[in-house]
file target_7.txt (compact mmCIF, C-alpha atoms)
# COMPACT_ATOMS: atom_id res chain seq x y z
CA MET I 1 -1.52 6.37 -7.21
CA HIS I 2 0.00 6.64 -3.74
CA ILE I 3 -2.55 7.46 -1.03
CA ARG I 4 -0.73 7.88 2.23
CA ARG I 5 -2.69 7.90 5.44
CA GLY I 6 -1.33 6.21 8.58
CA HIS I 7 0.60 8.79 10.56
CA LYS I 8 0.43 11.36 7.73
CA TRP I 9 -1.92 13.47 9.85
CA VAL I 10 0.98 14.16 12.25
CA GLU I 11 2.97 15.84 9.46
CA THR I 12 0.27 17.51 7.37
CA ALA I 13 -3.40 17.25 6.56
CA ALA I 14 -4.23 14.19 4.47
CA GLN I 15 -5.73 14.94 1.09
CA PRO I 16 -9.37 13.90 0.66
CA LEU I 17 -9.91 10.68 -1.25
CA ALA I 18 -12.28 12.62 -3.53
CA SER I 19 -9.27 14.66 -4.76
CA TYR I 20 -7.41 11.50 -5.81
CA LEU I 21 -10.54 10.16 -7.48
CA GLU I 22 -11.11 13.43 -9.34
CA MET I 23 -7.55 13.39 -10.70
CA ALA I 24 -7.83 9.71 -11.69
CA LYS I 25 -11.02 10.51 -13.61
CA ASN I 26 -9.27 13.48 -15.24
CA PHE I 27 -6.34 11.30 -16.32
CA SER I 28 -8.78 8.69 -17.60
CA THR I 29 -10.71 11.24 -19.67
CA THR I 30 -7.63 12.89 -21.15
CA THR I 31 -5.43 9.83 -21.68
CA GLY I 32 -7.73 6.82 -21.77
CA ILE I 33 -6.02 5.26 -18.74
CA THR I 34 -8.67 3.14 -17.02
CA ASN I 35 -6.53 0.95 -14.72
CA ALA I 36 -5.01 2.33 -11.53
CA LEU I 37 -2.63 0.71 -9.08
CA VAL I 38 -3.21 2.16 -5.62
CA ALA I 39 -0.45 1.95 -3.01
CA THR I 40 -1.94 2.67 0.41
CA GLU I 41 -1.73 1.47 3.97
CA ASP I 42 -5.38 2.34 4.66
CA ALA I 43 -7.97 -0.44 4.33
CA GLY I 44 -10.69 2.24 4.28
CA VAL I 45 -9.24 3.69 1.08
CA VAL I 46 -9.34 0.25 -0.54
CA SER I 47 -13.02 -0.30 0.29
CA GLU I 48 -14.04 3.25 -0.73
CA LEU I 49 -12.27 3.03 -4.09
CA GLN I 50 -13.70 -0.42 -4.77
CA ALA I 51 -17.16 1.03 -4.15
CA GLU I 52 -16.47 3.94 -6.57
CA ALA I 53 -14.79 1.92 -9.34
CA GLU I 54 -17.80 1.26 -11.55
CA ARG I 55 -19.14 4.81 -11.28
CA ALA I 56 -15.67 6.24 -12.02
CA GLY I 57 -15.07 3.88 -14.94
CA ILE I 58 -11.69 2.97 -13.48
CA ALA I 59 -10.47 -0.42 -12.32
CA PHE I 60 -8.49 0.00 -9.10
CA TYR I 61 -5.85 -2.58 -8.15
CA PHE I 62 -4.14 -3.03 -4.80
CA THR I 63 -1.25 -5.15 -3.58
CA ASP I 64 -2.30 -7.62 -0.90
CA ASN I 65 -1.24 -6.04 2.36
CA PRO I 66 -3.91 -6.61 5.00
CA ARG I 67 -2.96 -4.58 8.02
CA PRO I 68 -4.77 -2.52 10.61
CA SER I 69 -5.11 1.18 9.93
CA LEU I 70 -2.75 2.73 12.45
CA ARG I 71 -2.30 6.29 13.58
CA ILE I 72 1.36 5.70 14.32
CA SER I 73 4.40 5.59 12.08
CA ILE I 74 5.51 2.34 10.49
CA PRO I 75 8.83 2.37 12.44
CA GLN I 76 6.86 2.85 15.66
CA GLY I 77 4.56 -0.05 14.73
CA ILE I 78 7.61 -2.23 14.12
CA ARG I 79 9.18 -1.26 17.47
CA LEU I 80 5.90 -2.11 19.24
CA GLY I 81 5.72 -5.48 17.47
CA ILE I 82 2.45 -4.58 15.70
CA LEU I 83 4.08 -4.64 12.25
CA SER I 84 6.80 -6.75 10.66
CA ALA I 85 9.79 -4.92 9.19
CA ALA I 86 10.25 -7.66 6.58
CA VAL I 87 6.64 -7.44 5.41
CA GLU I 88 6.59 -3.62 5.39
CA ASN I 89 9.83 -3.48 3.40
CA GLU I 90 8.62 -6.06 0.89
CA VAL I 91 5.27 -4.33 0.32
CA SER I 92 6.97 -0.95 0.01
CA LEU I 93 9.47 -2.19 -2.57
CA VAL I 94 6.88 -4.14 -4.58
CA ASN I 95 4.63 -1.08 -4.76
CA LEU I 96 7.59 1.13 -5.68
CA VAL I 97 8.55 -1.10 -8.61
CA LEU I 98 4.95 -1.39 -9.81
CA LEU I 99 4.35 2.37 -9.55
CA ARG I 100 7.62 3.04 -11.39
CA ASP I 101 6.18 1.28 -14.43
CA ALA I 102 2.88 3.19 -14.43
CA GLU I 103 2.01 5.63 -17.23
CA ALA I 104 1.02 8.40 -14.82
CA PHE I 105 1.21 9.18 -11.11
CA ILE I 106 -1.02 10.83 -8.51
CA GLY I 107 0.41 11.41 -5.04
CA THR I 108 1.57 14.02 -2.56
CA PHE I 109 5.08 15.40 -2.66
CA SER I 110 5.05 16.01 1.09
CA SER I 111 5.75 12.26 0.99
CA GLY I 112 9.30 11.17 0.23
CA TYR I 113 7.89 7.90 -1.13
CA SER I 114 5.82 9.75 -3.76
CA LYS I 115 8.90 11.74 -4.74
CA ARG I 116 10.89 8.52 -5.23
CA VAL I 117 8.10 7.12 -7.42
CA LEU I 118 8.26 10.19 -9.69
CA GLU I 119 12.06 10.03 -9.88
CA LEU I 120 11.94 6.34 -10.85
CA GLN I 121 9.21 6.99 -13.42
CA ALA I 122 11.23 9.85 -14.93
CA GLY I 123 14.26 7.59 -15.26
CA ARG I 124 12.18 4.81 -16.78
CA GLN I 125 10.37 7.12 -19.22
CA ARG I 126 13.47 9.24 -19.90
CA GLY I 127 11.50 12.41 -19.27
CA SER I 128 8.87 13.97 -17.09
CA PRO I 129 5.97 11.56 -16.58
CA LEU I 130 2.35 12.66 -16.42
CA HIS I 131 1.87 13.38 -12.73
CA VAL I 132 0.11 15.50 -10.17
CA SER I 133 0.86 16.21 -6.53
CA LEU I 134 -2.17 17.06 -4.44
CA ASP I 135 -0.13 19.17 -2.02
CA HIS I 136 3.42 20.38 -2.67
CA LEU I 137 5.52 20.95 -5.75
CA TRP I 138 8.32 18.47 -6.24
CA SER I 139 11.59 19.32 -4.51
CA PRO I 140 14.61 17.13 -3.76

call {"tool": "encode", "arguments": {"input": "target_7.txt", "output": "structure tokens"}}
result
Amino acid sequence: MHIRRGHKWVETAAQPLASYLEMAKNFSTTTGITNALVATEDAGVVSELQAEAERAGIAFYFTDNPRPSLRISIPQGIRLGILSAAVENEVSLVNLVLLRDAEAFIGTFSSGYSKRVLELQAGRQRGSPLHVSLDHLWSP
């Protein structure tokens, strides 16, 4: 699951966390998937999903990336010295590899990162993976 927040609001409305949770529950019911890796830059998303985990019957996992929730782009944060390019690149690549190996994917295809995840999953699974975009259809 890729839940993008940060400066997403500049480009398009962020999808409600409840929509991601609803799709995760749907996948769990239909496939039996009960573990979810969540790639996000929003600490609020982490705490909200941790609070919902037991009720949802899903174990949510996160890579360790403590950082302030910013309303600016990552490149802007790097230029201002608020974020480290090395750390941001490492976290991004680690999440990308982990998400590539997931059985299913929930994201937003207004995000190029979510599109790359689906492409990598398709290559890994040699077909179209179980996925849902909460906003746009996939396009190159």

call {"tool": "residues_around", "arguments": {"input": "target_7.txt", "residues": "Ala122 (chain I)", "least_positions_apart": "3", "cutoff": "12 Å", "atoms": "only C-alpha atoms", "output": "ChimeraX atom specification"}}
result
/I:99-105,115-119,125-131

call {"tool": "residues_around", "arguments": {"input": "target_7.txt", "residues": "Glu22 (chain I)", "least_positions_apart": "3", "cutoff": "12 Å", "atoms": "all atoms listed in the file", "output": "mmCIF file with C-alpha atoms, keeping the file's coordinate frame"}}
result
data_model
loop_
_atom_site.group_PDB
_atom_site.id
_atom_site.type_symbol
_atom_site.label_atom_id
_atom_site.label_comp_id
_atom_site.auth_asym_id
_atom_site.auth_seq_id
_atom_site.Cartn_x
_atom_site.Cartn_y
_atom_site.Cartn_z
ATOM 1 C CA GLN I 15 -5.730 14.940 1.090
ATOM 2 C CA PRO I 16 -9.370 13.900 0.660
ATOM 3 C CA LEU I 17 -9.910 10.680 -1.250
ATOM 4 C CA ALA I 18 -12.280 12.620 -3.530
ATOM 5 C CA SER I 19 -9.270 14.660 -4.760
ATOM 6 C CA LYS I 25 -11.020 10.510 -13.610
ATOM 7 C CA ASN I 26 -9.270 13.480 -15.240
ATOM 8 C CA PHE I 27 -6.340 11.300 -16.320
ATOM 9 C CA SER I 28 -8.780 8.690 -17.600
ATOM 10 C CA THR I 29 -10.710 11.240 -19.670
ATOM 11 C CA LEU I 49 -12.270 3.030 -4.090
ATOM 12 C CA GLU I 52 -16.470 3.940 -6.570
ATOM 13 C CA ARG I 55 -19.140 4.810 -11.280
ATOM 14 C CA ALA I 56 -15.670 6.240 -12.020
ATOM 15 C CA GLY I 57 -15.070 3.880 -14.940
ATOM 16 C CA ILE I 58 -11.690 2.970 -13.480
ATOM 17 C CA ILE I 106 -1.020 10.830 -8.510
ATOM 18 C CA VAL I 132 0.110 15.500 -10.170
ATOM 19 C CA LEU I 134 -2.170 17.060 -4.440
#

call {"tool": "residues_around", "arguments": {"input": "target_7.txt", "residues": "region 85-88 of chain I", "least_positions_apart": "3", "cutoff": "9 Å", "atoms": "only C-alpha atoms", "output": "NGL selection string"}}
result
:I and (65 or 74-75 or 78 or 91-93)

call {"tool": "closest_residue", "arguments": {"input": "target_7.txt", "among": "I:Ser133, I:Tyr61, I:Arg79, I:Tyr113", "to": "Val45 (chain I)", "atoms": "all atoms listed in the file"}}
result
I:Tyr61

call {"tool": "closest_residue", "arguments": {"input": "target_7.txt", "among": "I:Pro140, I:Gly112, I:Gly107, I:Gly81", "to": "Thr40 (chain I)", "atoms": "only C-alpha atoms"}}
result
I:Gly107

call {"tool": "residues_near_point", "arguments": {"input": "target_7.txt", "point": "(-4.8, -0.7, -8.7)", "cutoff": "9 Å", "atoms": "only C-alpha atoms", "output": "VMD selection string"}}
result
chain I and resid 1 35 to 39 59 to 63

call {"tool": "closest_residue", "arguments": {"input": "target_7.txt", "among": "I:His2, I:Ala14, I:Ser111, I:Thr31", "to": "Leu98 (chain I)", "atoms": "all atoms listed in the file"}}
result
I:His2
